[in-house]
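Student: Contents of final_18.cif (mmCIF, C-alpha atoms) are below:
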```cif
data_structure
loop_
_atom_site.group_PDB
_atom_site.id
_atom_site.type_symbol
_atom_site.label_atom_id
_atom_site.label_comp_id
_atom_site.auth_asym_id
_atom_site.auth_seq_id
_atom_site.Cartn_x
_atom_site.Cartn_y
_atom_site.Cartn_z
ATOM 1 C CA MET U 1 -25.452 56.949 6.769
ATOM 2 C CA GLY U 2 -26.797 57.284 3.221
ATOM 3 C CA VAL U 3 -25.089 56.654 -0.074
ATOM 4 C CA HIS U 4 -22.419 59.229 -0.911
ATOM 5 C CA LEU U 5 -23.756 60.914 -4.079
ATOM 6 C CA TYR U 6 -21.691 62.975 -6.481
ATOM 7 C CA ALA U 7 -22.907 65.181 -9.299
ATOM 8 C CA ALA U 8 -21.226 65.126 -12.700
ATOM 9 C CA ALA U 9 -21.872 67.716 -15.388
ATOM 10 C CA GLY U 10 -20.902 68.015 -19.039
ATOM 11 C CA TRP U 11 -21.825 68.244 -22.700
ATOM 12 C CA GLY U 12 -21.106 64.617 -23.610
ATOM 13 C CA GLN U 13 -23.081 62.044 -25.546
ATOM 14 C CA THR U 14 -26.612 61.610 -24.240
ATOM 15 C CA ASP U 15 -28.255 58.818 -26.231
ATOM 16 C CA TYR U 16 -27.894 55.639 -24.170
ATOM 17 C CA TYR U 17 -29.263 53.505 -27.003
ATOM 18 C CA ASN U 18 -27.165 55.004 -29.827
ATOM 19 C CA THR U 19 -23.691 53.450 -29.810
ATOM 20 C CA VAL U 20 -22.877 54.208 -33.465
ATOM 21 C CA THR U 21 -22.606 57.999 -33.496
ATOM 22 C CA THR U 22 -21.495 60.344 -30.769
ATOM 23 C CA ILE U 23 -23.788 63.327 -30.669
ATOM 24 C CA PRO U 24 -22.893 65.751 -27.885
ATOM 25 C CA SER U 25 -25.557 67.479 -25.857
ATOM 26 C CA LYS U 26 -26.473 71.011 -26.921
ATOM 27 C CA VAL U 27 -26.863 71.992 -23.276
ATOM 28 C CA LYS U 28 -24.821 71.159 -20.199
ATOM 29 C CA LEU U 29 -26.448 68.310 -18.284
ATOM 30 C CA LYS U 30 -26.008 67.026 -14.732
ATOM 31 C CA VAL U 31 -26.357 63.521 -13.330
ATOM 32 C CA SER U 32 -26.171 62.173 -9.780
ATOM 33 C CA VAL U 33 -23.927 59.145 -9.382
ATOM 34 C CA PRO U 34 -23.180 57.085 -6.246
ATOM 35 C CA HIS U 35 -19.657 56.557 -4.912
ATOM 36 C CA VAL U 36 -18.177 53.104 -5.566
ATOM 37 C CA GLU U 37 -15.328 51.842 -3.368
ATOM 38 C CA ASN U 38 -12.058 51.470 -5.288
ATOM 39 C CA SER U 39 -11.713 47.823 -4.235
ATOM 40 C CA ARG U 40 -15.093 46.994 -5.799
ATOM 41 C CA CYS U 41 -14.262 49.086 -8.858
ATOM 42 C CA GLN U 42 -10.927 47.239 -9.265
ATOM 43 C CA THR U 43 -12.728 43.908 -9.185
ATOM 44 C CA ILE U 44 -15.048 45.089 -11.975
ATOM 45 C CA TYR U 45 -12.297 46.610 -14.132
ATOM 46 C CA SER U 46 -9.890 43.672 -13.667
ATOM 47 C CA GLU U 47 -12.161 41.856 -16.140
ATOM 48 C CA TYR U 48 -11.043 44.480 -18.700
ATOM 49 C CA SER U 49 -7.356 44.240 -17.631
ATOM 50 C CA LEU U 50 -7.443 47.761 -16.190
ATOM 51 C CA ARG U 51 -5.983 48.819 -12.849
ATOM 52 C CA ILE U 52 -7.705 51.367 -10.600
ATOM 53 C CA SER U 53 -5.157 53.419 -8.639
ATOM 54 C CA ASP U 54 -5.426 55.504 -5.471
ATOM 55 C CA SER U 55 -5.365 58.626 -7.660
ATOM 56 C CA GLN U 56 -8.744 57.630 -9.089
ATOM 57 C CA ILE U 57 -12.356 57.684 -7.850
ATOM 58 C CA CYS U 58 -15.128 55.426 -9.112
ATOM 59 C CA ALA U 59 -18.768 56.441 -9.247
ATOM 60 C CA GLY U 60 -21.925 55.338 -11.003
ATOM 61 C CA GLY U 61 -22.862 51.915 -12.268
ATOM 62 C CA GLN U 62 -26.552 52.646 -12.662
ATOM 63 C CA LYS U 63 -28.338 51.952 -15.937
ATOM 64 C CA ALA U 64 -28.482 54.999 -18.245
ATOM 65 C CA LYS U 65 -27.085 57.378 -15.558
ATOM 66 C CA ASP U 66 -23.460 58.080 -16.377
ATOM 67 C CA THR U 67 -20.917 60.380 -17.916
ATOM 68 C CA CYS U 68 -20.071 59.512 -21.513
ATOM 69 C CA ARG U 69 -17.968 60.348 -24.568
ATOM 70 C CA GLY U 70 -17.405 64.080 -24.703
ATOM 71 C CA ASP U 71 -17.575 64.504 -20.907
ATOM 72 C CA SER U 72 -13.847 63.863 -20.351
ATOM 73 C CA GLY U 73 -12.341 66.666 -18.302
ATOM 74 C CA SER U 74 -15.700 67.593 -16.775
ATOM 75 C CA PRO U 75 -16.082 67.839 -12.992
ATOM 76 C CA LEU U 76 -17.255 65.234 -10.497
ATOM 77 C CA MET U 77 -18.636 67.360 -7.664
ATOM 78 C CA PHE U 78 -19.903 66.931 -4.134
ATOM 79 C CA TYR U 79 -22.046 69.399 -2.207
ATOM 80 C CA ASN U 80 -20.647 69.758 1.295
ATOM 81 C CA ARG U 81 -23.539 70.878 3.499
ATOM 82 C CA GLN U 82 -21.246 71.738 6.409
ATOM 83 C CA HIS U 83 -19.427 74.327 4.294
ATOM 84 C CA ALA U 84 -22.503 75.113 2.132
ATOM 85 C CA ARG U 85 -20.601 74.849 -1.149
ATOM 86 C CA TRP U 86 -19.653 72.533 -3.990
ATOM 87 C CA PHE U 87 -16.241 70.862 -4.150
ATOM 88 C CA ALA U 88 -14.600 69.323 -7.222
ATOM 89 C CA TYR U 89 -13.695 65.797 -6.129
ATOM 90 C CA GLY U 90 -12.760 64.411 -9.528
ATOM 91 C CA ILE U 91 -12.424 64.866 -13.265
ATOM 92 C CA VAL U 92 -14.093 62.567 -15.799
ATOM 93 C CA SER U 93 -11.488 60.121 -17.078
ATOM 94 C CA ARG U 94 -12.944 56.889 -18.498
ATOM 95 C CA GLY U 95 -15.825 54.480 -18.310
ATOM 96 C CA PRO U 96 -17.388 51.451 -19.942
ATOM 97 C CA SER U 97 -17.537 51.417 -23.764
ATOM 98 C CA HIS U 98 -21.331 51.546 -23.483
ATOM 99 C CA CYS U 99 -22.025 54.472 -21.171
ATOM 100 C CA GLY U 100 -24.567 53.822 -18.459
ATOM 101 C CA THR U 101 -23.902 50.101 -18.219
ATOM 102 C CA GLU U 102 -25.491 48.746 -15.055
ATOM 103 C CA GLY U 103 -22.885 47.485 -12.604
ATOM 104 C CA VAL U 104 -19.932 49.226 -14.295
ATOM 105 C CA PRO U 105 -18.985 52.573 -12.720
ATOM 106 C CA SER U 106 -17.017 55.298 -14.469
ATOM 107 C CA VAL U 107 -13.512 56.320 -13.409
ATOM 108 C CA TYR U 108 -12.495 59.844 -12.414
ATOM 109 C CA SER U 109 -9.126 61.417 -11.586
ATOM 110 C CA ASN U 110 -9.063 62.103 -7.841
ATOM 111 C CA MET U 111 -8.533 65.861 -7.392
ATOM 112 C CA PHE U 112 -7.152 65.384 -3.880
ATOM 113 C CA SER U 113 -4.247 63.371 -5.308
ATOM 114 C CA PHE U 114 -3.252 66.398 -7.385
ATOM 115 C CA ASP U 115 -4.050 69.114 -4.828
ATOM 116 C CA ASP U 116 -0.429 70.246 -4.319
ATOM 117 C CA TRP U 117 0.162 70.495 -8.074
ATOM 118 C CA VAL U 118 -3.090 72.432 -8.654
ATOM 119 C CA ARG U 119 -2.323 74.900 -5.855
ATOM 120 C CA SER U 120 1.283 75.490 -6.934
ATOM 121 C CA THR U 121 0.246 75.919 -10.569
ATOM 122 C CA MET U 122 -2.470 78.401 -9.595
ATOM 123 C CA ALA U 123 -0.037 80.337 -7.367
ATOM 124 C CA ALA U 124 2.527 80.533 -10.184
ATOM 125 C CA ASN U 125 0.006 81.911 -12.639
#
```
Can you give me the file's structure in the form of structure tokens?
Tutor:
Amino acid sequence: MGVHLYAAAGWGQTDYYNTVTTIPSKVKLKVSVPHVENSRCQTIYSEYSLRISDSQICAGGQKAKDTCRGDSGSPLMFYNRQHARWFAYGIVSRGPSHCGTEGVPSVYSNMFSFDDWVRSTMAAN
């Protein structure tokens, strides 16, 4: 079985080498990021005194391939070939202070943890 790849899309900061200013992209961009097990992600983020919960997903950790400032709230998607459609698995939440840091994945809110709330809110509106 291959690596589980997600796609993230957004208008966030794009210059990996520029950490002084945050210039958002003028066009929506997409990046493929690999899934990272929460236990591994917790080990990485424990160095920053952060806790990864079950309501979060970690993905990425590859140099210069990441979501960044300005992408918060953007989707983390997975293309399900069996159903031939895209699914929103997560929402961009946080990541390393230097986006695209090798070995440090970004953190996303796990949409499946909030499925009941999303469905009831949609039904009510």
Student: List, as a short mmCIF file (atom, residue, chain, number, x, y, z; two decimals) with C-alpha atoms, in the frame of the given file, every residue that the PyMOL selection byres ((chain U and resi 90) around 7) selects in the file provided.
Tutor:
```cif
data_model
loop_
_atom_site.label_atom_id
_atom_site.label_comp_id
_atom_site.auth_asym_id
_atom_site.auth_seq_id
_atom_site.Cartn_x
_atom_site.Cartn_y
_atom_site.Cartn_z
CA ILE U 57 -12.36 57.68 -7.85
CA PRO U 75 -16.08 67.84 -12.99
CA LEU U 76 -17.26 65.23 -10.50
CA MET U 77 -18.64 67.36 -7.66
CA ALA U 88 -14.60 69.32 -7.22
CA TYR U 89 -13.70 65.80 -6.13
CA ILE U 91 -12.42 64.87 -13.26
CA VAL U 92 -14.09 62.57 -15.80
CA TYR U 108 -12.50 59.84 -12.41
CA SER U 109 -9.13 61.42 -11.59
CA ASN U 110 -9.06 62.10 -7.84
CA MET U 111 -8.53 65.86 -7.39
#
```
Student: One number please: CA of Leu29 in chain U to CA of Lys63 in chain U, in Å, one decimal.
Tutor: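 Going from CA of Leu29 in chain U over to CA of Lys63 in chain U covers 16.6 Å.
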Student: Please write as a list in words the list of polymer residues whose atoms come within 8 Å of (-21.8, 67.1, -22.9), counting only C-alpha atoms and keeping to the coordinates of the file.
Tutor: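 Protein and nucleic acid residues near the point are Ala9, Gly10, Trp11, Gly12, Gln13, Thr14, Pro24, Ser25, Lys26, Val27, Lys28, Leu29, Cys68, Arg69, Gly70 and Asp71 of chain U.
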Student: Tell me which of U:Cys99, U:Val31, U:Val104, U:Thr121 sits closest to Thr43 in chain U, counting all atoms listed in the file.
Tutor: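 Residue with the minimum atom-to-atom distance to Thr43 in chain U: U:Val104.
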Student: Taking all atoms listed in the file into account, name the residue in U:Asp116, U:Cys41, U:Ser32, U:Ile52 that is nearest to Leu5 in chain U.
Tutor: U:Ser32
Student: Convert the output of the PyMOL selection byres ((chain U and resi 37) around 12) on the shown file into explicit residues, formatted as an NGL selection string.
Tutor: :U and (3-4 or 34-36 or 38-44 or 52-54 or 56-61 or 105-107)
Student: Quick one: write out the picked residues with C-alpha atoms as a compact mmCIF listing (two decimals), in the frame of the given file?
Tutor:
```txt
# COMPACT_ATOMS: atom_id res chain seq x y z
CA VAL U 3 -25.09 56.65 -0.07
CA HIS U 4 -22.42 59.23 -0.91
CA PRO U 34 -23.18 57.08 -6.25
CA HIS U 35 -19.66 56.56 -4.91
CA VAL U 36 -18.18 53.10 -5.57
CA ASN U 38 -12.06 51.47 -5.29
CA SER U 39 -11.71 47.82 -4.24
CA ARG U 40 -15.09 46.99 -5.80
CA CYS U 41 -14.26 49.09 -8.86
CA GLN U 42 -10.93 47.24 -9.26
CA THR U 43 -12.73 43.91 -9.18
CA ILE U 44 -15.05 45.09 -11.98
CA ILE U 52 -7.70 51.37 -10.60
CA SER U 53 -5.16 53.42 -8.64
CA ASP U 54 -5.43 55.50 -5.47
CA GLN U 56 -8.74 57.63 -9.09
CA ILE U 57 -12.36 57.68 -7.85
CA CYS U 58 -15.13 55.43 -9.11
CA ALA U 59 -18.77 56.44 -9.25
CA GLY U 60 -21.92 55.34 -11.00
CA GLY U 61 -22.86 51.92 -12.27
CA PRO U 105 -18.98 52.57 -12.72
CA SER U 106 -17.02 55.30 -14.47
CA VAL U 107 -13.51 56.32 -13.41
```
